[in-house]
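K.L.:
Contents of query20.txt (compact mmCIF, C-alpha atoms and all ligand atoms):
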# COMPACT_ATOMS: atom_id res chain seq x y z
CA MET Z 1 10.09 0.53 -12.75
CA LYS Z 2 7.48 -0.38 -10.19
CA SER Z 3 7.46 3.29 -9.27
CA ALA Z 4 6.51 4.10 -12.80
CA LYS Z 5 3.89 1.39 -12.83
CA ILE Z 6 2.34 2.68 -9.64
CA LYS Z 7 2.08 6.16 -11.07
CA ILE Z 8 0.63 4.87 -14.30
CA LEU Z 9 -1.90 2.83 -12.36
CA LYS Z 10 -2.88 5.92 -10.46
CA PHE Z 11 -3.32 8.09 -13.51
CA ILE Z 12 -5.18 5.55 -15.56
CA GLY Z 13 -7.44 4.79 -12.65
CA ILE Z 14 -8.61 8.37 -12.57
CA PHE Z 15 -10.49 7.80 -15.80
CA PHE Z 16 -12.31 4.86 -14.27
CA VAL Z 17 -13.21 7.07 -11.34
CA ALA Z 18 -14.69 9.67 -13.67
CA ALA Z 19 -16.81 6.99 -15.31
CA LEU Z 20 -17.92 5.75 -11.92
CA ILE Z 21 -19.13 9.16 -10.84
CA LEU Z 22 -21.69 9.05 -13.61
CA LEU Z 23 -22.72 5.51 -12.76
CA LEU Z 24 -23.10 6.16 -9.05
CA VAL Z 25 -25.08 9.33 -9.57
CA ALA Z 26 -27.23 7.62 -12.16
CA TYR Z 27 -28.13 4.74 -9.89
CA GLY Z 28 -28.48 6.83 -6.77
CA ILE Z 29 -26.57 4.44 -4.57
CA LEU Z 30 -24.80 7.12 -2.63
CA SER Z 31 -26.14 6.08 0.72
CA SER Z 32 -25.01 7.65 3.95
CA GLY Z 33 -22.59 5.89 6.26
CA ARG Z 34 -23.61 4.33 9.49
CA ASP Z 35 -22.05 4.03 12.88
CA ALA Z 36 -20.80 0.70 14.10
CA ASN Z 37 -20.56 -0.36 17.71
CA GLN Z 38 -17.35 -2.20 18.24
CA ASN Z 39 -17.51 -5.49 20.10
CA SER Z 40 -13.88 -5.45 21.18
CA ASN Z 41 -11.47 -2.83 22.47
CA GLU Z 42 -8.49 -4.64 20.94
CA ARG Z 43 -6.84 -2.62 18.21
CA VAL Z 44 -4.36 -3.60 15.51
CA VAL Z 45 -2.47 -1.17 13.28
CA VAL Z 46 -0.95 -2.81 10.19
CA PHE Z 47 1.77 -0.81 8.45
CA VAL Z 48 2.13 -2.02 4.88
CA LEU Z 49 5.57 -1.04 3.54
CA ASP Z 50 5.59 -1.68 -0.18
CA ALA Z 51 8.67 -3.81 -0.95
CA GLY Z 52 9.79 -3.62 2.70
CA ASP Z 53 12.95 -5.74 2.79
CA TRP Z 54 15.01 -7.35 5.56
CA ARG Z 55 18.23 -6.71 3.61
CA ILE Z 56 17.68 -3.01 4.20
CA ILE Z 57 16.13 -3.21 7.68
CA ASN Z 58 18.72 -5.59 9.13
CA LYS Z 59 21.60 -3.41 7.93
CA MET Z 60 20.03 -0.29 9.39
CA VAL Z 61 19.05 -1.93 12.69
CA SER Z 62 22.65 -3.12 13.09
CA GLU Z 63 23.72 0.50 12.66
CA GLY Z 64 21.20 1.61 15.28
CA ARG Z 65 19.23 3.65 12.78
CA LEU Z 66 15.68 2.24 13.01
CA LYS Z 67 14.82 2.62 16.66
CA ASN Z 68 11.06 2.13 16.33
CA LEU Z 69 11.19 -0.90 14.07
CA ASN Z 70 13.92 -2.26 16.32
CA TYR Z 71 11.64 -1.75 19.32
CA LEU Z 72 8.89 -3.73 17.60
CA ILE Z 73 11.33 -6.50 16.59
CA GLU Z 74 12.87 -6.79 20.07
CA ASN Z 75 9.52 -6.71 21.84
CA GLY Z 76 7.57 -8.78 19.34
CA VAL Z 77 7.77 -11.56 16.77
CA SER Z 78 9.46 -11.14 13.40
CA GLY Z 79 10.43 -13.09 10.30
CA LYS Z 80 10.13 -13.33 6.55
CA LEU Z 81 6.75 -13.06 4.91
CA GLN Z 82 6.41 -15.12 1.79
CA SER Z 83 4.71 -13.43 -1.16
CA VAL Z 84 2.49 -14.94 -3.83
CA TYR Z 85 3.24 -15.01 -7.55
CA PRO Z 86 3.33 -12.95 -9.67
CA LEU Z 87 5.44 -10.67 -7.48
CA PHE Z 88 3.53 -7.50 -8.26
CA THR Z 89 1.83 -5.35 -5.65
CA PRO Z 90 -1.89 -5.85 -6.51
CA PRO Z 91 -1.93 -9.69 -6.42
CA ASN Z 92 -0.14 -9.64 -3.07
CA MET Z 93 -2.40 -6.97 -1.61
CA ALA Z 94 -5.40 -9.02 -2.72
CA SER Z 95 -3.93 -12.13 -1.06
CA MET Z 96 -3.24 -10.20 2.12
CA PHE Z 97 -6.85 -8.99 2.31
CA THR Z 98 -8.55 -12.25 1.28
CA GLY Z 99 -6.32 -14.95 2.77
CA LYS Z 100 -6.35 -16.57 -0.67
CA LEU Z 101 -4.02 -17.23 -3.59
CA PRO Z 102 -4.30 -15.31 -6.89
CA SER Z 103 -5.84 -18.40 -8.50
CA LYS Z 104 -8.86 -17.75 -6.25
CA HIS Z 105 -9.03 -13.95 -6.06
CA GLY Z 106 -8.14 -13.47 -9.72
CA ILE Z 107 -5.86 -10.42 -9.40
CA LYS Z 108 -2.74 -11.25 -11.36
CA SER Z 109 -1.22 -7.98 -12.58
CA HIS Z 110 -1.58 -4.21 -12.60
CA PHE Z 111 -3.53 -4.22 -15.83
CA ASP Z 112 -5.07 -6.47 -18.40
CA TYR Z 113 -4.21 -5.25 -21.85
CA SER Z 114 -6.64 -5.79 -24.65
CA ARG Z 115 -6.85 -4.24 -28.08
CA GLU Z 116 -9.71 -1.93 -27.27
CA ASP Z 117 -9.18 -0.90 -23.72
CA THR Z 118 -6.88 -0.94 -20.71
CA LYS Z 119 -8.70 -2.67 -17.90
CA ASN Z 120 -7.25 -2.19 -14.45
CA GLN Z 121 -7.08 -4.94 -11.90
CA LEU Z 122 -8.60 -3.43 -8.82
CA TYR Z 123 -10.27 -4.75 -5.70
CA ARG Z 124 -13.55 -4.19 -7.47
CA ASN Z 125 -12.64 -7.06 -9.75
CA MET Z 126 -11.65 -9.50 -7.01
CA LYS Z 127 -13.39 -12.85 -7.04
CA ALA Z 128 -12.88 -13.37 -3.29
CA LYS Z 129 -14.27 -11.48 -0.31
CA PRO Z 130 -11.78 -9.07 1.31
CA LEU Z 131 -11.43 -8.53 5.05
CA TRP Z 132 -13.52 -5.35 5.01
CA GLU Z 133 -16.43 -7.29 3.54
CA ILE Z 134 -15.93 -10.26 5.87
CA LEU Z 135 -16.12 -7.89 8.85
CA ARG Z 136 -19.23 -6.08 7.66
CA ASN Z 137 -21.96 -6.11 10.37
CA LYS Z 138 -19.64 -7.89 12.82
CA ASN Z 139 -19.08 -4.73 14.90
CA ILE Z 140 -15.39 -4.90 14.17
CA THR Z 141 -14.41 -1.65 12.49
CA LEU Z 142 -11.65 -1.37 9.93
CA ASP Z 143 -9.88 1.61 8.34
CA LEU Z 144 -7.77 1.57 5.17
CA VAL Z 145 -5.53 4.49 4.29
CA GLY Z 146 -3.57 5.12 1.10
CA PHE Z 147 -4.20 1.91 -0.87
CA GLN Z 148 -3.93 2.49 -4.59
CA GLU Z 149 -5.94 -0.49 -5.77
CA PHE Z 150 -9.25 1.23 -5.16
CA ASP Z 151 -10.79 3.29 -7.96
CA TYR Z 152 -13.49 4.45 -5.54
CA ALA Z 153 -14.06 3.97 -1.81
CA PRO Z 154 -16.71 1.34 -1.03
CA ARG Z 155 -18.86 1.73 2.09
CA ILE Z 156 -17.52 -0.39 4.93
CA ASP Z 157 -17.76 -0.50 8.72
CA GLY Z 158 -14.95 2.00 9.10
CA THR Z 159 -13.12 4.49 6.92
CA ILE Z 160 -11.44 4.12 3.52
CA VAL Z 161 -9.17 6.92 2.34
CA THR Z 162 -8.08 5.83 -1.12
CA GLY Z 163 -4.70 6.41 -2.71
CA PHE Z 164 -6.48 8.50 -5.34
CA TYR Z 165 -7.73 10.87 -2.66
CA ILE Z 166 -4.17 11.31 -1.39
CA ILE Z 167 -2.92 11.94 -4.94
CA LYS Z 168 -5.67 14.45 -5.57
CA LYS Z 169 -4.96 16.40 -2.39
CA VAL Z 170 -1.18 16.41 -2.77
CA SER Z 171 -1.59 17.52 -6.39
CA ALA Z 172 -4.08 20.22 -5.49
CA TYR Z 173 -2.00 21.51 -2.63
CA ASN Z 174 1.00 21.91 -4.89
CA SER Z 175 -0.84 22.92 -8.06
CA TYR Z 176 1.37 20.22 -9.58
CA PHE Z 177 -0.87 19.27 -12.41
CA SER Z 178 -2.22 22.68 -13.30
CA ASP Z 179 1.29 24.11 -13.49
CA ILE Z 180 3.12 21.19 -14.96
CA ASN Z 181 0.51 19.57 -17.06
CA GLY Z 182 -2.87 21.03 -17.92
CA GLU Z 183 -4.16 17.61 -18.95
CA MET Z 184 -4.22 16.54 -15.30
CA LYS Z 185 -6.45 19.41 -14.18
CA PHE Z 186 -9.54 17.19 -14.19
CA LEU Z 187 -8.25 15.53 -10.99
CA LYS Z 188 -9.70 18.37 -8.97
CA TYR Z 189 -13.20 17.78 -10.35
CA ILE Z 190 -13.49 14.28 -8.90
CA PRO Z 191 -15.59 14.67 -5.74
CA ASP Z 192 -13.97 13.70 -2.47
CA PHE Z 193 -16.97 11.62 -1.42
CA LEU Z 194 -16.16 9.09 -4.11
CA LEU Z 195 -12.60 8.73 -2.91
CA VAL Z 196 -13.28 8.58 0.83
CA SER Z 197 -15.95 6.59 2.65
CA LYS Z 198 -16.50 6.88 6.37
CA SER Z 199 -18.93 5.43 8.84
CA ASN Z 200 -17.45 6.93 11.99
CA GLY Z 201 -16.70 10.61 11.49
CA GLY Z 202 -14.66 12.80 9.19
CA ILE Z 203 -11.01 12.65 8.23
CA LEU Z 204 -8.24 15.20 8.67
CA GLN Z 205 -8.75 18.18 6.38
CA ASP Z 206 -5.84 20.50 7.19
CA TYR Z 207 -2.95 19.57 4.94
CA SER Z 208 -0.68 22.51 5.70
CA PHE Z 209 1.92 20.05 7.04
CA LEU Z 210 2.89 19.56 3.39
CA GLU Z 211 4.65 22.91 3.58
CA ASN Z 212 7.31 21.18 5.67
CA SER Z 213 8.07 18.38 3.22
CA GLU Z 214 10.88 20.09 1.36
CA ALA Z 215 12.64 21.09 4.57
CA ILE Z 216 12.34 17.55 5.97
CA MET Z 217 13.71 16.10 2.75
CA LYS Z 218 16.63 18.54 2.74
CA LYS Z 219 17.38 17.78 6.38
CA SER Z 220 17.46 14.07 5.55
CA ASN Z 221 19.58 14.80 2.49
CA ILE Z 222 16.93 13.40 0.14
CA SER Z 223 16.86 15.01 -3.29
CA LEU Z 224 13.58 16.35 -4.72
CA ASN Z 225 13.81 14.30 -7.89
CA PHE Z 226 14.54 10.69 -8.79
CA ASP Z 227 17.56 11.20 -11.01
CA THR Z 228 19.90 8.21 -10.92
CA GLU Z 229 21.45 5.95 -13.54
CA ILE Z 230 18.66 3.50 -12.61
CA THR Z 231 15.93 6.11 -13.11
CA HIS Z 232 17.29 6.99 -16.54
CA ARG Z 233 17.24 3.36 -17.64
CA MET Z 234 13.82 2.53 -16.16
CA ILE Z 235 11.72 5.53 -17.17
CA PRO Z 236 12.28 5.51 -20.95
CA PHE Z 237 11.53 1.77 -20.85
CA VAL Z 238 8.24 2.38 -19.06
CA ILE Z 239 7.20 5.26 -21.33
CA GLU Z 240 8.02 3.26 -24.44
CA LYS Z 241 6.03 0.28 -23.21
CA LEU Z 242 3.08 2.56 -22.58
CA LYS Z 243 3.34 4.18 -25.98
CA ASN Z 244 3.40 0.77 -27.64
CA THR Z 245 0.34 -0.27 -25.69
CA GLU Z 246 -1.37 2.91 -26.77
CA LYS Z 247 -0.51 2.32 -30.44
CA SER Z 248 -2.25 -1.05 -30.32
CA LYS Z 249 -5.49 0.62 -29.28
CA LYS Z 250 -8.19 2.07 -31.45
CA GLY Z 251 -7.65 5.78 -31.06
CA ASN Z 252 -8.05 6.25 -27.31
CA ALA Z 253 -7.32 9.98 -27.16
CA GLU Z 254 -7.50 10.24 -23.39
CA PHE Z 255 -4.96 7.49 -22.94
CA SER Z 256 -2.62 9.28 -25.37
CA LYS Z 257 -2.93 12.52 -23.41
CA LEU Z 258 -2.26 10.62 -20.24
CA ILE Z 259 1.02 9.23 -21.51
CA SER Z 260 2.25 12.72 -22.38
CA GLY Z 261 1.12 13.75 -18.92
CA ILE Z 262 3.04 10.97 -17.21
CA GLU Z 263 6.12 11.76 -19.23
CA THR Z 264 5.90 15.40 -18.19
CA VAL Z 265 5.59 14.50 -14.53
CA PHE Z 266 8.65 12.25 -14.78
CA HIS Z 267 10.57 15.20 -16.15
CA SER Z 268 9.13 17.71 -13.71
CA GLY Z 269 12.09 17.73 -11.38
CA ILE Z 270 9.93 16.98 -8.31
CA SER Z 271 9.05 13.32 -8.72
CA THR Z 272 10.53 12.40 -5.32
CA LYS Z 273 8.85 15.27 -3.51
CA PHE Z 274 5.53 14.12 -4.95
CA GLN Z 275 6.02 10.57 -3.65
CA PHE Z 276 7.34 11.83 -0.31
CA GLU Z 277 4.20 13.92 0.19
CA LEU Z 278 1.87 11.04 -0.68
CA ASP Z 279 3.24 8.92 2.17
CA MET Z 280 3.43 11.92 4.48
CA MET Z 281 -0.26 12.63 3.92
CA SER Z 282 -1.22 8.96 4.38
CA LYS Z 283 0.60 9.01 7.71
CA GLU Z 284 -1.03 12.23 8.91
CA ILE Z 285 -4.55 11.12 7.94
CA ALA Z 286 -4.04 7.66 9.45
CA LEU Z 287 -2.61 9.03 12.68
CA ASP Z 288 -5.54 11.39 13.05
CA LEU Z 289 -7.98 8.52 12.41
CA TYR Z 290 -6.11 6.34 14.89
CA LYS Z 291 -6.38 9.00 17.60
CA SER Z 292 -9.89 10.28 16.94
CA HIS Z 293 -12.00 7.39 15.64
CA LYS Z 294 -10.43 4.36 17.32
CA SER Z 295 -11.36 1.71 14.79
CA ASN Z 296 -10.38 -1.84 15.70
CA ILE Z 297 -8.13 -2.47 12.73
CA MET Z 298 -6.25 0.02 10.60
CA PHE Z 299 -4.13 -0.67 7.51
CA VAL Z 300 -1.81 2.15 6.43
CA TYR Z 301 0.00 1.86 3.10
CA PHE Z 302 3.36 3.45 2.23
CA ALA Z 303 4.53 3.22 -1.39
CA GLY Z 304 7.76 5.16 -0.94
CA THR Z 305 9.75 2.22 0.40
CA ASP Z 306 9.26 0.51 -2.98
CA ILE Z 307 9.87 3.57 -5.12
CA PHE Z 308 12.98 4.67 -3.25
CA ALA Z 309 14.31 1.10 -3.46
CA HIS Z 310 13.76 0.94 -7.20
CA ASN Z 311 15.60 4.21 -7.76
CA TYR Z 312 18.32 3.93 -5.13
CA TYR Z 313 18.85 0.34 -3.99
CA PHE Z 314 21.83 -0.40 -6.22
CA ASN Z 315 22.57 -3.65 -4.31
CA GLY Z 316 19.19 -4.98 -5.42
CA TRP Z 317 20.01 -4.21 -9.06
CA HIS Z 318 23.51 -5.70 -8.62
CA MET Z 319 24.94 -2.34 -9.67
CA GLU Z 320 27.77 -0.26 -8.31
CA ASP Z 321 26.70 2.81 -6.35
CA LYS Z 322 29.23 5.14 -7.93
CA LYS Z 323 27.78 8.43 -6.69
CA ASN Z 324 26.82 7.34 -3.17
CA GLU Z 325 23.11 7.53 -3.96
CA GLN Z 326 22.02 4.31 -2.22
CA ARG Z 327 22.06 6.16 1.10
CA GLN Z 328 18.76 7.78 0.05
CA VAL Z 329 16.80 4.53 0.38
CA TYR Z 330 18.16 4.22 3.92
CA GLU Z 331 17.22 7.82 4.62
CA TYR Z 332 13.69 7.06 3.51
CA TYR Z 333 13.39 3.98 5.71
CA GLN Z 334 14.41 6.23 8.57
CA ILE Z 335 11.56 8.62 7.68
CA ILE Z 336 9.09 5.71 7.72
CA ASP Z 337 10.55 4.51 11.03
CA GLY Z 338 9.78 7.97 12.40
CA TYR Z 339 6.19 7.71 11.16
CA ILE Z 340 5.80 4.37 12.95
CA GLY Z 341 7.25 6.02 16.05
CA GLU Z 342 4.48 8.63 15.99
CA PHE Z 343 1.91 5.83 16.24
CA LEU Z 344 3.87 4.13 19.04
CA MET Z 345 3.81 7.39 20.98
CA ALA Z 346 0.04 7.71 20.52
CA ALA Z 347 -0.75 4.05 21.25
CA ASP Z 348 -2.41 2.60 24.31
CA GLU Z 349 -1.82 -0.90 25.69
CA ASN Z 350 -4.73 -2.32 23.70
CA THR Z 351 -3.01 -1.66 20.39
CA ALA Z 352 -0.93 -4.30 18.62
CA PHE Z 353 1.28 -3.36 15.67
CA PHE Z 354 1.97 -5.39 12.54
CA VAL Z 355 4.53 -4.34 9.94
CA VAL Z 356 4.28 -6.25 6.67
CA SER Z 357 5.34 -5.96 3.05
CA ASP Z 358 3.79 -7.29 -0.12
CA HIS Z 359 7.16 -8.52 -1.43
CA GLY Z 360 10.83 -7.62 -1.03
CA ALA Z 361 12.84 -5.07 -3.01
CA GLN Z 362 14.29 -5.94 -6.41
CA ASN Z 363 16.93 -8.61 -6.76
CA MET Z 364 17.91 -8.92 -10.41
CA THR Z 365 20.12 -7.12 -12.89
CA MET Z 366 18.79 -4.28 -14.99
CA ALA Z 367 19.50 -6.36 -18.11
CA GLN Z 368 17.32 -9.19 -16.78
CA TYR Z 369 14.64 -6.67 -15.97
CA LEU Z 370 14.70 -4.88 -19.33
CA TYR Z 371 15.30 -7.72 -21.75
CA ILE Z 372 13.86 -10.98 -20.45
CA ALA Z 373 10.61 -11.78 -22.23
CA PRO Z 374 7.95 -12.11 -21.04
CA HIS Z 375 8.64 -9.32 -18.59
CA ILE Z 376 8.91 -10.42 -14.95
CA PRO Z 377 8.62 -8.28 -11.83
CA PRO Z 378 12.01 -7.65 -10.24
CA HIS Z 379 10.98 -8.13 -6.60
CA THR Z 380 12.08 -10.94 -4.29
CA LYS Z 381 9.50 -13.32 -2.88
CA TYR Z 382 10.33 -12.51 0.74
CA GLY Z 383 8.77 -9.54 2.40
CA ILE Z 384 8.79 -8.65 6.09
CA PHE Z 385 6.58 -9.57 9.03
CA ILE Z 386 6.77 -7.94 12.45
CA ALA Z 387 4.10 -8.12 15.18
CA GLN Z 388 4.13 -6.58 18.64
CA GLY Z 389 1.46 -6.23 21.29
CA LYS Z 390 0.34 -7.44 24.71
CA GLN Z 391 -0.91 -10.75 23.25
CA ILE Z 392 2.25 -11.29 21.15
CA LYS Z 393 5.41 -13.12 22.25
CA LYS Z 394 8.43 -10.99 23.03
CA GLY Z 395 11.65 -11.23 21.02
CA ALA Z 396 10.66 -14.36 19.09
CA LYS Z 397 11.16 -15.36 15.46
CA ILE Z 398 8.62 -16.89 13.13
CA GLU Z 399 9.11 -19.07 10.06
CA ASN Z 400 6.80 -20.02 7.21
CA ALA Z 401 4.64 -16.92 7.45
CA SER Z 402 2.85 -16.01 4.24
CA ILE Z 403 1.03 -12.91 3.07
CA THR Z 404 -2.12 -15.06 2.94
CA ASP Z 405 -1.87 -15.52 6.74
CA ILE Z 406 -2.58 -11.87 7.62
CA THR Z 407 -6.37 -11.97 7.24
CA PRO Z 408 -6.85 -15.32 9.08
CA THR Z 409 -4.61 -14.07 11.92
CA LEU Z 410 -6.59 -10.83 12.29
CA LEU Z 411 -9.88 -12.77 12.26
CA TYR Z 412 -8.48 -15.01 15.01
CA ILE Z 413 -7.69 -11.99 17.19
CA TYR Z 414 -11.32 -10.89 16.87
CA ASN Z 415 -12.73 -14.39 17.48
CA GLN Z 416 -14.10 -14.78 13.98
CA PRO Z 417 -14.31 -18.20 12.34
CA MET Z 418 -11.74 -19.54 9.90
CA ALA Z 419 -12.92 -20.41 6.42
CA GLU Z 420 -12.00 -23.80 5.01
CA ASP Z 421 -11.27 -22.20 1.64
CA PHE Z 422 -8.60 -19.85 3.03
CA ASP Z 423 -5.14 -20.65 1.69
CA GLY Z 424 -3.63 -18.79 4.63
CA LYS Z 425 -3.48 -19.94 8.25
CA VAL Z 426 -3.58 -18.33 11.68
CA LEU Z 427 -0.03 -17.50 12.79
CA MET Z 428 -0.58 -19.24 16.13
CA ASP Z 429 3.13 -19.13 17.00
CA ILE Z 430 3.17 -15.35 17.34
CA PHE Z 431 0.78 -15.39 20.32
CA LYS Z 432 1.58 -15.97 23.96
CA ASP Z 433 0.49 -19.42 25.16
CA GLY Z 434 -2.07 -18.06 27.59
CA TYR Z 435 -3.71 -16.08 24.82
CA ASN Z 436 -4.26 -19.16 22.65
CA GLN Z 437 -5.60 -21.21 25.58
CA GLY Z 438 -8.49 -18.84 25.99
CA LYS Z 439 -9.51 -19.12 22.35
CA LYS Z 440 -11.66 -21.60 20.50
CA THR Z 441 -11.46 -21.54 16.73
CA ASN Z 442 -14.63 -22.23 14.79
CA TYR Z 443 -14.60 -23.15 11.15
CA ILE Z 444 -17.00 -22.31 8.38
CA GLU Z 445 -16.88 -23.60 4.83
CA THR Z 446 -16.46 -20.19 3.22
CA TYR Z 447 -17.15 -16.49 3.61
CA GLU Z 448 -17.96 -16.14 -0.06
CA LEU Z 449 -21.65 -16.95 0.18
CA VAL Z 450 -22.40 -15.25 3.49
ZN ZN J 501 4.71 -3.73 -4.08
Output the file's structure in the form of structure tokens.
P.N.:
Amino acid sequence: MKSAKIKILKFIGIFFVAALILLLVAYGILSSGRDANQNSNERVVVFVLDAGDWRIINKMVSEGRLKNLNYLIENGVSGKLQSVYPLFTPPNMASMFTGKLPSKHGIKSHFDYSREDTKNQLYRNMKAKPLWEILRNKNITLDLVGFQEFDYAPRIDGTIVTGFYIIKKVSAYNSYFSDINGEMKFLKYIPDFLLVSKSNGGILQDYSFLENSEAIMKKSNISLNFDTEITHRMIPFVIEKLKNTEKSKKGNAEFSKLISGIETVFHSGISTKFQFELDMMSKEIALDLYKSHKSNIMFVYFAGTDIFAHNYYFNGWHMEDKKNEQRQVYEYYQIIDGYIGEFLMAADENTAFFVVSDHGAQNMTMAQYLYIAPHIPPHTKYGIFIAQGKQIKKGAKIENASITDITPTLLYIYNQPMAEDFDGKVLMDIFKDGYNQGKKTNYIETYELV
């Protein structure tokens, strides 16, 4: 279900992007990027695994299957990461990047539905300052790769490669939307410069690695299409909800076309391959940025962990895995573990790694999901937190970590003041004692007015 919602969010967002092109051109605010001089050589890479869940990771680690995550756990600090309500992705991403609760940042769902229009809840609409704005002009560079909550890439001190850019390139490379669905052709007319912003050099442009995706999937025994009992119960539900929303609107022809488009993609027979390639491209672009531009902080987002869980994690739906399909979610975690391993191989001693999730995988029955009104997200409130690096304790556990703690903790690493209006806290317990002794934490009232 979340998988469907993510796709819908993506497709609907494209229309907002098209509108923005006109606005940006009209107001001539397309300024050039600038270089930032970093004031620290400490680096942190944050892997954000959508719906990353200890139930899955612990089982696989015990079977010796996640060697890179296991390395980070054994050589770092790990524990549960408490999410904020509602347990959707966008509110939790906003809390991760602002250190604040949804009551302050205002992002509470994927969309706001009104009679006239479908308004999306994107970072643009946040009422609190995100990390990339807090760090502006501080000479601490930050990259963001693959996040879907952007409808365009704002200028920051670092690089933003939006989820829309990744969707556009994967689609273009495969001719997905021209072959499958002519209505999606307009994707290719959205200029890249609206979807990527960079202040420190270009991003990877050779996407020929996508040619290997099918072979990798076959080798891992991952099918090219989401096609389980779960898929067949979720997708018609999602499509019907969308069609009902559309009916309540005043003749929005584009939205109608979009729903047919989404339906066609669901029935295309390659829905898994599409998702697989999105994460694969995010990884390749992020790894190239990590190696070539050396920003201080990098967040890399992977959606596949959530989408595979929704389609294959029968335990989470309290369903019987009659056809041995649950193994595919484990296979996918192993793919992501391999991606993390590629960064570990490329890393120097100044890099710390965080692995976090916005919430856990689903933990309710399909009946609860489909029939309880009002509709509630199926995810659990506990995500994952792992940190490893030279300043981080080795082999320790942490309790009471929250998604709102990520931004304060990163600011602490870079000697930036805490804001009194943060709901999150610095995760002091993850650091070695000597590291904390050398630090003095200053407080400011808020970052909102600065
Ligand atoms: Zn999520």
K.L.:
Which residues sit within 10 Å of ligand ZN 501 (chain J), counting all atoms listed in the file, listed as a short mmCIF file (atom, residue, chain, number, x, y, z; two decimals) with C-alpha atoms, keeping the file's coordinate frame?
P.N.:
data_model
loop_
_atom_site.label_atom_id
_atom_site.label_comp_id
_atom_site.auth_asym_id
_atom_site.auth_seq_id
_atom_site.Cartn_x
_atom_site.Cartn_y
_atom_site.Cartn_z
CA LYS Z 2 7.48 -0.38 -10.19
CA SER Z 3 7.46 3.29 -9.27
CA ILE Z 6 2.34 2.68 -9.64
CA VAL Z 48 2.13 -2.02 4.88
CA LEU Z 49 5.57 -1.04 3.54
CA ASP Z 50 5.59 -1.68 -0.18
CA ALA Z 51 8.67 -3.81 -0.95
CA GLY Z 52 9.79 -3.62 2.70
CA LEU Z 87 5.44 -10.67 -7.48
CA PHE Z 88 3.53 -7.50 -8.26
CA THR Z 89 1.83 -5.35 -5.65
CA PRO Z 90 -1.89 -5.85 -6.51
CA PRO Z 91 -1.93 -9.69 -6.42
CA ASN Z 92 -0.14 -9.64 -3.07
CA MET Z 93 -2.40 -6.97 -1.61
CA PHE Z 302 3.36 3.45 2.23
CA ALA Z 303 4.53 3.22 -1.39
CA GLY Z 304 7.76 5.16 -0.94
CA THR Z 305 9.75 2.22 0.40
CA ASP Z 306 9.26 0.51 -2.98
CA ILE Z 307 9.87 3.57 -5.12
CA SER Z 357 5.34 -5.96 3.05
CA ASP Z 358 3.79 -7.29 -0.12
CA HIS Z 359 7.16 -8.52 -1.43
CA GLY Z 360 10.83 -7.62 -1.03
CA ALA Z 361 12.84 -5.07 -3.01
CA PRO Z 377 8.62 -8.28 -11.83
CA HIS Z 379 10.98 -8.13 -6.60
CA GLY Z 383 8.77 -9.54 2.40
#
K.L.:
Tell me which of Z:Leu135, Z:Asn70, Z:Asp348, Z:Gln437 sits closest to Lys294 of chain Z, counting all atoms listed in the file.
P.N.:
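Of Z:Leu135, Z:Asn70, Z:Asp348, Z:Gln437, the one nearest Lys294 of chain Z is Z:Asp348, counting all atoms listed in the file.
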K.L.:
Would you mind reading off the distance between atom CA of Val356 of chain Z and atom CA of Phe385 of chain Z, one decimal, in Å?
P.N.:
4.7 Å
K.L.:
Between atom CA of Met418 of chain Z and atom CA of Asp405 of chain Z, what is the distance in Å, rounded to a tenth?
P.N.:
11.1 Å
K.L.:
Taking into account all atoms listed in the file, which residue in the set Z:Tyr165, Z:His105, Z:Asp53, Z:Gln148 is nearest to Tyr189 of chain Z?
P.N.:
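Comparing Z:Tyr165, Z:His105, Z:Asp53, Z:Gln148 against Tyr189 of chain Z, the winner is Z:Tyr165.
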K.L.:
Name the closest residue to Gln334 of chain Z among the candidates Z:Pro130, Z:Phe150, Z:Ser220, Z:Lys243; distances are taken between atoms, counting all atoms listed in the file.
P.N.:
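Looking at the shortest contact to Gln334 of chain Z, the residue is Z:Ser220.
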K.L.:
Counting only C-alpha atoms, note down every residue that has an atom within 8 Å of the point (0.1, -3.3, 8.6) (file coordinates), as a PyMOL selection string.
P.N.:
chain Z and resi 45-49+298-301+353-356
K.L.:
Let me make sure I understand: among Z:Gln326, Z:Ile140, Z:Val196, Z:Ile336, which one has the smallest atom-to-atom distance to Arg43 of chain Z if we use all atoms listed in the file?
P.N.:
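Of all the options, Z:Ile140 lies closest to Arg43 of chain Z.
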K.L.:
Closest to Lys59 of chain Z among Z:Met428, Z:Ile340, Z:Val329, Z:Ile386, using only C-alpha atoms?
P.N.:
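Answer, going by the shortest atom-to-atom distance: Z:Val329.
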K.L.:
Of the residues Z:Val238, Z:Ile430, Z:Ala94, Z:Leu101, which is the one nearest to Lys393 of chain Z, using all atoms listed in the file?
P.N.:
Z:Ile430
K.L.:
Do you have the atom CA of Lys247 of chain Z-atom CA of Pro374 of chain Z distance handy?
P.N.:
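Atom-to-atom, atom CA of Lys247 of chain Z and atom CA of Pro374 of chain Z are spaced 19.2 Å apart.
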K.L.:
Skipping near chain neighbours, those fewer than 2 positions away, what residues fall within 9 Å of Gly316 of chain Z using all atoms listed in the file, listed as a list in words?
P.N.:
Ala309, His310, Tyr312, Tyr313, Phe314, His318, Met319, Ala361, Gln362, Asn363, Met364, Thr365 and His379 of chain Z
